[in-house]
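Q: Before we start, here is the structure in question, set down as structure tokens.
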Amino acid sequence: MGVECLTTQIQLREAKKEDIPQMLNVYKEFSEEFVGAASRDVNDFRRMLRKKDNINLVALNNQNHIIGYVHARLDKRFNRGEFEEIVVDPKHDFEQVARPLAEKVNKAFVERKAAVIVAGSLRNPAYEKIFPALGFFETESRDIFMYAILDTQRFLNELASVFTNQLKKSEEWSGLTQIECEGHSIFLQKANGNVEPLVWTNQPIDFKVILTRDILTKLVFGVTDSVESLKTGQLKIETTLTREKTNRLLRALFPKKQFLLLDHW
Amino acid sequence: MFNSTLRLKISTRTVRNQRLEKLVQYVVRNYRKGDEAHLARLFSECFGPTTPRVIMQWYRRLKVPPEHVFIGEVDGKPVSIVEVVFKQLSMGEGVYSKTCGISGVCTDSDYRNKGIVSNLMKLALEYAKNSGASSASLFTGLGIPAHRIYQRSGFFDIMTVHTYIKCLDYPSIFARWIRQLNRTLKGSKIAKKRLEGWEKSVIIQLQEVGTLAFRFRKGRFQRLKKAPKKADIEFSTDLQTYARIMQEAVTWEDAVRADKLIVKRGEAVDIEMLKRLLQWEWSV
């Protein structure tokens with residue numbers, strides 16, 4: 001099945017204070033597609049629109065609804081234009097919304113005589129295709145994002161609802177799952193299509209995943225593949241399931257999600 | 001925000017300062033009003049020029065209360081700092097987890113390798129854990145001493161930052177870089193020490209831009225509008241490779257091996273110093 005490319009008639013204009021609720025909605029829809037994106041509120045957007053040196057544009061569809069926006073700023077100290085974020089409602093992906101937004105900001109930076117334009121991201125797919133076409137060259141800097149699990153049990157408990165949803169989607173499997181990370185565990189029981197997290201059980205486990213904090217972090221952020229980790233021995237499975245079914249269930253538990261961070265601190 | 005009651009967490013540690021051959025006693029406490037000038041000096045040394053006002057604005061913007069800033073103090077002077085910022089991070093399926101962002105980690109160059117910042121990190125992460133954060137995250141540079149400290153503190157590498165760059169007016173960027181070097185040098189004790197007596201001139205031939213030149217003389221960097229006939233270091237490259245070297249995306253040696261950079265003149269020691277200048281890396 002191919003991807004259908006649609007082109008919606010879009011209009012671009014400067015973002016106004018009244019647009020904040022719609023911009024926030026677009027951000028929420030967009031960030032749901034990713035892991036790692038931080039939650040935001042209206043104050044974050046107010047701050048974004050307050051500064052005069054910022055370039056904030058919104059893209060509107062035929063019904064005058066905001067379907068995407070771009071936030072950029074001109075750093076006068078270095079005379080540097082910076083693309084902070086391009087956010088498009090996933091419902092309007094493949095409709096050429098991000099490109100006109102980026103082109104218009106690029107033009108605005110050239111008009112304002114920026115000496116350099118920079119777009120930085122941690123794997124934002126919107127950036128990856130647009131910027132090389134606009135004459136940017138890509139460089140992978142040695143700045144690195146690091147992550148640590150402070151409280152393994154609490155972290156696993158927080159992830160329980162994520163795993164519950166993933167297991168619900170896996171129609172072909174039911175039984176008792178245990179995910180164990182360095183002596184801490186969560187138990188998920190799937191029966192009749194319902195998934196219940198259990199505090200503790202002495203029932204025989206049908207599918208047990210044993211992993212380290214390192215691999216758990218990388219799987220949650222989608223930067224490593226669960227089946228590959230199993231092959232290399234970084235992740236261990238105790239089950240009676242066949243290899244094929246094990247791989248399918250692992251992929252269901254740890255789907256490859258796109259990792260994205262827009263908010264640096 | 002800054003009038004809130006300070007929850008002082010004071011502990012005293014003693015470590016041997018090997019270079020000075022005497023014991024260094026430091027106190028760990030939280031941020032308090034009046035620290036801004038010291039912190040500005042510290043941040044200027046580690047991250048480039050800043051002012052107390054900028055620090056105040058930064059704390060206000062990120063809503064950082066005093067108890068989220070951990071300071072290591074020697075003789076009443078802050079010498080090390082670690083900040084904690086709480087965020088809600090998406091874990092997928094609409095689930096958000098409270099995470100603690102670690103930022104502003106730095107130590108005065110005279111007090112490094114004493115374990116002060118490692119201890120501050122430990123306290124900050126303990127505080128974050130007790131405040132309900134199950135995880136912590138941060139940004140740093142690969143291969144720098146701080147990276148090893150974070151790895152020892154339980155942090156794992158997730159991914160590097162991708163940057164897209166378009167240069168419109170490179171001579172102007174170069175002029176600003178020279179100005180920035182001077183401003184940064186002002187607060188950097190290590191750089192000053194290392195550059196002492198290094199009075200050299202550099203000619204850079206960039207394929208898409210032309211010839212750019214600068215020299216370091218009397219403790220200052222000077223942009224040379226007209227390139228001298230002969231300089232201590234001369235090299236030619238393309239803009240993309242030059243930008244990649246400055247971003248540490250490619251090493252100088254790899255660029256030379258790939259014939260992307262040609263060194264026409266320069267002693268090995270001087271080139272080492274130039275590499276430090278390009279990446280502003282002094283502590284390794």
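By order of appearance in the structure tokens: chains A, B, ..., then residues from 1 within every chain, and ligands from 1 in the order shown.
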What's the 12 Å shell around Lys169 (chain A), counting only C-alpha atoms, without same-chain residues fewer than 2 positions away, as a PyMOL selection string?
A: (chain A and resi 162-167+171-174+190+193-195+248-249+251-253+255) or (chain B and resi 93)
Q: Emit the selected residues as a PDB file, in the first residue's frame, including N, CA and C atoms.
A:
```
ATOM      1  N   VAL A 162       1.641   1.842  29.431  1.00  0.00           N
ATOM      2  CA  VAL A 162       2.097   1.808  28.028  1.00  0.00           C
ATOM      3  C   VAL A 162       2.083   0.346  27.549  1.00  0.00           C
ATOM      4  N   PHE A 163       2.675  -0.550  28.378  1.00  0.00           N
ATOM      5  CA  PHE A 163       2.713  -1.968  28.003  1.00  0.00           C
ATOM      6  C   PHE A 163       1.303  -2.556  27.912  1.00  0.00           C
ATOM      7  N   THR A 164       0.416  -2.100  28.821  1.00  0.00           N
ATOM      8  CA  THR A 164      -0.969  -2.588  28.796  1.00  0.00           C
ATOM      9  C   THR A 164      -1.607  -2.294  27.442  1.00  0.00           C
ATOM     10  N   ASN A 165      -1.442  -1.045  26.978  1.00  0.00           N
ATOM     11  CA  ASN A 165      -2.017  -0.667  25.678  1.00  0.00           C
ATOM     12  C   ASN A 165      -1.397  -1.465  24.538  1.00  0.00           C
ATOM     13  N   GLN A 166      -0.078  -1.685  24.644  1.00  0.00           N
ATOM     14  CA  GLN A 166       0.596  -2.429  23.565  1.00  0.00           C
ATOM     15  C   GLN A 166       0.085  -3.874  23.523  1.00  0.00           C
ATOM     16  N   LEU A 167      -0.079  -4.470  24.718  1.00  0.00           N
ATOM     17  CA  LEU A 167      -0.535  -5.868  24.768  1.00  0.00           C
ATOM     18  C   LEU A 167      -1.975  -6.010  24.278  1.00  0.00           C
ATOM     19  N   GLU A 171      -3.475  -9.020  19.357  1.00  0.00           N
ATOM     20  CA  GLU A 171      -4.684  -9.849  19.479  1.00  0.00           C
ATOM     21  C   GLU A 171      -4.389 -11.335  19.641  1.00  0.00           C
ATOM     22  N   GLU A 172      -3.276 -11.773  19.056  1.00  0.00           N
ATOM     23  CA  GLU A 172      -3.036 -13.212  18.996  1.00  0.00           C
ATOM     24  C   GLU A 172      -2.509 -13.809  20.298  1.00  0.00           C
ATOM     25  N   TRP A 173      -2.233 -13.003  21.304  1.00  0.00           N
ATOM     26  CA  TRP A 173      -1.600 -13.531  22.500  1.00  0.00           C
ATOM     27  C   TRP A 173      -2.397 -13.239  23.767  1.00  0.00           C
ATOM     28  N   SER A 174      -2.444 -14.206  24.675  1.00  0.00           N
ATOM     29  CA  SER A 174      -2.983 -13.952  26.014  1.00  0.00           C
ATOM     30  C   SER A 174      -2.214 -14.818  27.001  1.00  0.00           C
ATOM     31  N   LYS A 190      -3.098 -10.939  30.607  1.00  0.00           N
ATOM     32  CA  LYS A 190      -4.047 -10.693  29.529  1.00  0.00           C
ATOM     33  C   LYS A 190      -4.999 -11.884  29.405  1.00  0.00           C
ATOM     34  N   GLY A 193      -9.054 -10.461  26.056  1.00  0.00           N
ATOM     35  CA  GLY A 193      -8.825  -9.135  25.442  1.00  0.00           C
ATOM     36  C   GLY A 193      -8.517  -8.034  26.442  1.00  0.00           C
ATOM     37  N   ASN A 194      -8.680  -8.335  27.731  1.00  0.00           N
ATOM     38  CA  ASN A 194      -8.388  -7.315  28.755  1.00  0.00           C
ATOM     39  C   ASN A 194      -6.999  -7.539  29.348  1.00  0.00           C
ATOM     40  N   VAL A 195      -6.311  -6.446  29.636  1.00  0.00           N
ATOM     41  CA  VAL A 195      -4.978  -6.552  30.237  1.00  0.00           C
ATOM     42  C   VAL A 195      -5.020  -5.894  31.616  1.00  0.00           C
ATOM     43  N   ARG A 248       7.348 -11.553  17.583  1.00  0.00           N
ATOM     44  CA  ARG A 248       6.151 -10.728  17.335  1.00  0.00           C
ATOM     45  C   ARG A 248       5.683 -10.052  18.625  1.00  0.00           C
ATOM     46  N   LEU A 249       5.723 -10.818  19.718  1.00  0.00           N
ATOM     47  CA  LEU A 249       5.270 -10.263  20.991  1.00  0.00           C
ATOM     48  C   LEU A 249       6.245  -9.181  21.499  1.00  0.00           C
ATOM     49  N   ARG A 251       8.076  -7.249  19.620  1.00  0.00           N
ATOM     50  CA  ARG A 251       7.853  -6.048  18.790  1.00  0.00           C
ATOM     51  C   ARG A 251       6.581  -5.330  19.210  1.00  0.00           C
ATOM     52  N   ALA A 252       5.589  -6.119  19.675  1.00  0.00           N
ATOM     53  CA  ALA A 252       4.338  -5.502  20.136  1.00  0.00           C
ATOM     54  C   ALA A 252       4.576  -4.734  21.436  1.00  0.00           C
ATOM     55  N   LEU A 253       5.403  -5.315  22.317  1.00  0.00           N
ATOM     56  CA  LEU A 253       5.679  -4.647  23.602  1.00  0.00           C
ATOM     57  C   LEU A 253       6.556  -3.410  23.432  1.00  0.00           C
ATOM     58  N   PRO A 255       7.426  -1.331  20.435  1.00  0.00           N
ATOM     59  CA  PRO A 255       7.411  -0.918  19.031  1.00  0.00           C
ATOM     60  C   PRO A 255       8.448   0.175  18.802  1.00  0.00           C
TER      61      PRO A 255
ATOM     62  N   GLU B  93       1.832   6.400  23.975  1.00  0.00           N
ATOM     63  CA  GLU B  93       0.464   6.027  24.367  1.00  0.00           C
ATOM     64  C   GLU B  93      -0.162   7.064  25.308  1.00  0.00           C
TER      65      GLU B  93
END
```
Q: Can you tell me, as JSON, numbers by chain, what residues are no more than 7 Å from Tyr31 (chain B) when counting only C-alpha atoms, ignoring any on the same chain fewer than 5 positions away?
A: {"B": [66, 67, 69, 70, 71]}
Q: If the cut-off is 7 Å, can you tell me the residues of chain A near chain B, counting only C-alpha atoms? I'd like them as JSON, numbers by chain.
A: {"A": [32, 34, 35, 36, 37, 38, 39, 78, 115, 116, 117, 118, 119, 120, 121, 122, 123, 131, 135, 136, 137, 138, 139, 140, 141, 142, 143, 144, 145, 146, 147, 148, 149, 150, 151, 154, 155, 158, 162, 214, 218, 265]}
Q: Write out the residues from the selection above, keeping C-alpha atoms, as a PDB file, in the first residue's frame.
A:
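Once written, again37.pdb looks like this:
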```
ATOM      1  CA  GLU A  32       1.644  11.909  20.811  1.00  0.00           C
ATOM      2  CA  PHE A  34       6.749  10.452  19.652  1.00  0.00           C
ATOM      3  CA  VAL A  35       8.468   9.410  22.819  1.00  0.00           C
ATOM      4  CA  GLY A  36      10.588  11.976  24.624  1.00  0.00           C
ATOM      5  CA  ALA A  37       8.525  15.057  23.800  1.00  0.00           C
ATOM      6  CA  ALA A  38       7.857  17.195  26.882  1.00  0.00           C
ATOM      7  CA  SER A  39       4.363  18.250  27.910  1.00  0.00           C
ATOM      8  CA  PHE A  78      25.496  36.050  16.746  1.00  0.00           C
ATOM      9  CA  ALA A 115      24.786  35.482   8.673  1.00  0.00           C
ATOM     10  CA  VAL A 116      23.938  31.867   9.368  1.00  0.00           C
ATOM     11  CA  ILE A 117      20.771  29.805   9.723  1.00  0.00           C
ATOM     12  CA  VAL A 118      20.722  26.778  11.999  1.00  0.00           C
ATOM     13  CA  ALA A 119      18.116  24.071  12.455  1.00  0.00           C
ATOM     14  CA  GLY A 120      18.873  21.623  15.206  1.00  0.00           C
ATOM     15  CA  SER A 121      16.963  18.587  16.257  1.00  0.00           C
ATOM     16  CA  LEU A 122      17.078  15.164  17.762  1.00  0.00           C
ATOM     17  CA  ARG A 123      15.732  13.238  14.798  1.00  0.00           C
ATOM     18  CA  PHE A 131      16.472  21.420   5.091  1.00  0.00           C
ATOM     19  CA  GLY A 135      20.585  24.373   0.819  1.00  0.00           C
ATOM     20  CA  PHE A 136      21.458  23.389   4.402  1.00  0.00           C
ATOM     21  CA  PHE A 137      24.148  20.834   5.108  1.00  0.00           C
ATOM     22  CA  GLU A 138      23.759  18.298   7.855  1.00  0.00           C
ATOM     23  CA  THR A 139      26.211  17.824  10.658  1.00  0.00           C
ATOM     24  CA  GLU A 140      25.979  15.476  13.589  1.00  0.00           C
ATOM     25  CA  SER A 141      27.360  17.292  16.565  1.00  0.00           C
ATOM     26  CA  ARG A 142      28.939  15.572  19.542  1.00  0.00           C
ATOM     27  CA  ASP A 143      26.208  16.917  21.820  1.00  0.00           C
ATOM     28  CA  ILE A 144      24.525  13.910  23.288  1.00  0.00           C
ATOM     29  CA  PHE A 145      21.269  13.278  25.134  1.00  0.00           C
ATOM     30  CA  MET A 146      21.714  10.972  28.132  1.00  0.00           C
ATOM     31  CA  TYR A 147      19.109   9.253  30.248  1.00  0.00           C
ATOM     32  CA  ALA A 148      19.179   7.535  33.631  1.00  0.00           C
ATOM     33  CA  ILE A 149      16.584   5.513  35.517  1.00  0.00           C
ATOM     34  CA  LEU A 150      16.593   6.669  39.131  1.00  0.00           C
ATOM     35  CA  ASP A 151      13.885   4.425  40.535  1.00  0.00           C
ATOM     36  CA  ARG A 154       8.558   3.390  39.788  1.00  0.00           C
ATOM     37  CA  PHE A 155       9.727   3.668  36.189  1.00  0.00           C
ATOM     38  CA  GLU A 158       4.770   4.217  35.007  1.00  0.00           C
ATOM     39  CA  VAL A 162       2.097   1.808  28.028  1.00  0.00           C
ATOM     40  CA  ASP A 214      20.434   0.452  29.721  1.00  0.00           C
ATOM     41  CA  LYS A 218      16.914   2.420  24.803  1.00  0.00           C
ATOM     42  CA  TRP A 265      17.120  22.385  29.436  1.00  0.00           C
TER      43      TRP A 265
END
```
Q: Give me the residues near Ile130 (chain A) as a list in words, where near means some atom within 10 Å (using only C-alpha atoms) and where sequence neighbours in that chain fewer than 6 positions away do not count.
A: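 Residues near the query, excluding close chain neighbours: Ala98, Arg99, Pro100, Ala102, Glu103 and Phe136 of chain A.
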Q: When distances are computed from only C-alpha atoms, which of A:Thr239, A:Asn192, A:Gln258, A:Ser185 shows the smallest separation from Val220 (chain A)?
A: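 The shortest atom-to-atom distance to Val220 (chain A) comes from A:Gln258.
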Q: At a cut-off of 7 Å, using only C-alpha atoms, what residues contact Thr184 (chain B)? Leave out same-chain residues fewer than 2 positions from it and give the result as a ChimeraX atom specification.
A: /B:44,48-49,180-182,186-188
Q: Could those selected residues go to a file with C-alpha atoms, as a CSV table (one decimal), in the first residue's frame?
A:
```
chain,number,residue,atom,x,y,z
B,44,SER,CA,31.2,32.2,32.0
B,48,GLY,CA,30.8,31.2,27.7
B,49,PRO,CA,30.1,34.8,28.7
B,180,GLN,CA,33.2,35.6,21.0
B,181,LEU,CA,36.6,34.0,21.5
B,182,ASN,CA,37.8,37.2,23.3
B,186,LYS,CA,38.0,36.7,29.6
B,187,GLY,CA,36.3,34.2,32.0
B,188,SER,CA,38.3,31.1,31.2
```
Q: If you run DSSP on the backbone here, which positions in region 128-276 of chain B get helix (DSSP H, G or I)? Please write them as a ChimeraX atom specification.
A: /B:128-130,145-152,170-187,189-195,239-246,252-257,268-276
Q: Please identify all polymer residues within 12 Å of Val97 (chain A), counting only C-alpha atoms, omitting same-chain residues fewer than 2 positions from it, and present them as number ranges by chain.
A: A: 5-12, 57-61, 66-70, 86-95, 99-104, 126, 130
Q: Please dump the current selection as an mmCIF file, in the first residue's frame; keep C-alpha atoms.
A:
```cif
data_model
loop_
_atom_site.group_PDB
_atom_site.id
_atom_site.type_symbol
_atom_site.label_atom_id
_atom_site.label_comp_id
_atom_site.auth_asym_id
_atom_site.auth_seq_id
_atom_site.Cartn_x
_atom_site.Cartn_y
_atom_site.Cartn_z
ATOM 1 C CA CYS A 5 0.201 12.364 -1.233
ATOM 2 C CA LEU A 6 -2.403 15.055 -0.823
ATOM 3 C CA THR A 7 -1.931 18.748 -1.215
ATOM 4 C CA THR A 8 -4.220 20.931 0.850
ATOM 5 C CA GLN A 9 -4.608 24.590 0.039
ATOM 6 C CA ILE A 10 -2.884 26.197 2.979
ATOM 7 C CA GLN A 11 -2.464 29.772 4.040
ATOM 8 C CA LEU A 12 0.401 31.091 6.105
ATOM 9 C CA LEU A 57 3.984 31.414 11.582
ATOM 10 C CA VAL A 58 0.877 29.282 11.464
ATOM 11 C CA ALA A 59 -0.459 27.234 8.558
ATOM 12 C CA LEU A 60 -4.239 27.298 8.100
ATOM 13 C CA ASN A 61 -6.364 24.888 6.078
ATOM 14 C CA ILE A 66 -4.398 25.772 12.337
ATOM 15 C CA ILE A 67 -2.780 22.570 11.089
ATOM 16 C CA GLY A 68 0.846 23.437 11.751
ATOM 17 C CA TYR A 69 3.223 26.110 12.934
ATOM 18 C CA VAL A 70 6.853 27.084 12.897
ATOM 19 C CA ILE A 86 8.259 22.840 13.021
ATOM 20 C CA VAL A 87 5.118 21.140 14.211
ATOM 21 C CA VAL A 88 2.427 19.730 11.931
ATOM 22 C CA ASP A 89 -0.756 17.950 12.962
ATOM 23 C CA PRO A 90 -0.160 14.257 12.043
ATOM 24 C CA LYS A 91 -3.584 14.194 10.345
ATOM 25 C CA HIS A 92 -2.079 16.551 7.754
ATOM 26 C CA ASP A 93 1.204 14.717 7.189
ATOM 27 C CA PHE A 94 2.246 14.356 3.550
ATOM 28 C CA GLU A 95 0.241 17.460 2.643
ATOM 29 C CA ARG A 99 7.893 22.880 3.623
ATOM 30 C CA PRO A 100 6.148 26.249 2.920
ATOM 31 C CA LEU A 101 6.513 27.150 6.610
ATOM 32 C CA ALA A 102 10.264 26.451 6.483
ATOM 33 C CA GLU A 103 10.673 28.243 3.152
ATOM 34 C CA LYS A 104 8.946 31.376 4.440
ATOM 35 C CA ALA A 126 10.124 17.213 9.590
ATOM 36 C CA ILE A 130 13.181 19.845 4.144
#
```
Q: Rank nothing, just name the residue among B:Arg152, B:Arg41, B:Arg276, B:Arg215 nearest to Val79 (chain B), using only C-alpha atoms.
A: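 Among the listed residues, the smallest separation from Val79 (chain B) belongs to B:Arg41.
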Q: If you measure from CA of Val105 (chain A) to CA of Ala72 (chain A), what distance in Å do you get, rounded to one decimal?
A: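 Interatomic distance here is 7.4 Å.
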Q: How many Å separate CA of Pro52 (chain B) from CA of Pro65 (chain B)?
A: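 One can read the CA of Pro52 (chain B) to CA of Pro65 (chain B) distance as 16.1 Å.
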Q: Between CA of Leu39 (chain B) and CA of Arg183 (chain B), measure the distance and give it in Å to one decimal.
A: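 CA of Arg183 (chain B) lies 16.7 Å from CA of Leu39 (chain B).
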Q: DSSP on the backbone, strand (DSSP E or B) only: what residues of region 70-158 of chain B does that give? Format it as a PyMOL selection string.
A: chain B and resi 70-74+77-90+96-107+135-141+156-158
Q: Please list as a ChimeraX atom specification every residue within 6 Å of region 222-231 of chain B, counting only C-alpha atoms and excluding residues in the same chain fewer than 4 positions away.
A: /B:201-202,213-215
Q: So, counting only C-alpha atoms, which residue among B:Ile190, B:Val28, B:Ile204, B:Gly210 is closest to Lys122 (chain B)?
A: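 Answer, going by the shortest atom-to-atom distance: B:Val28.
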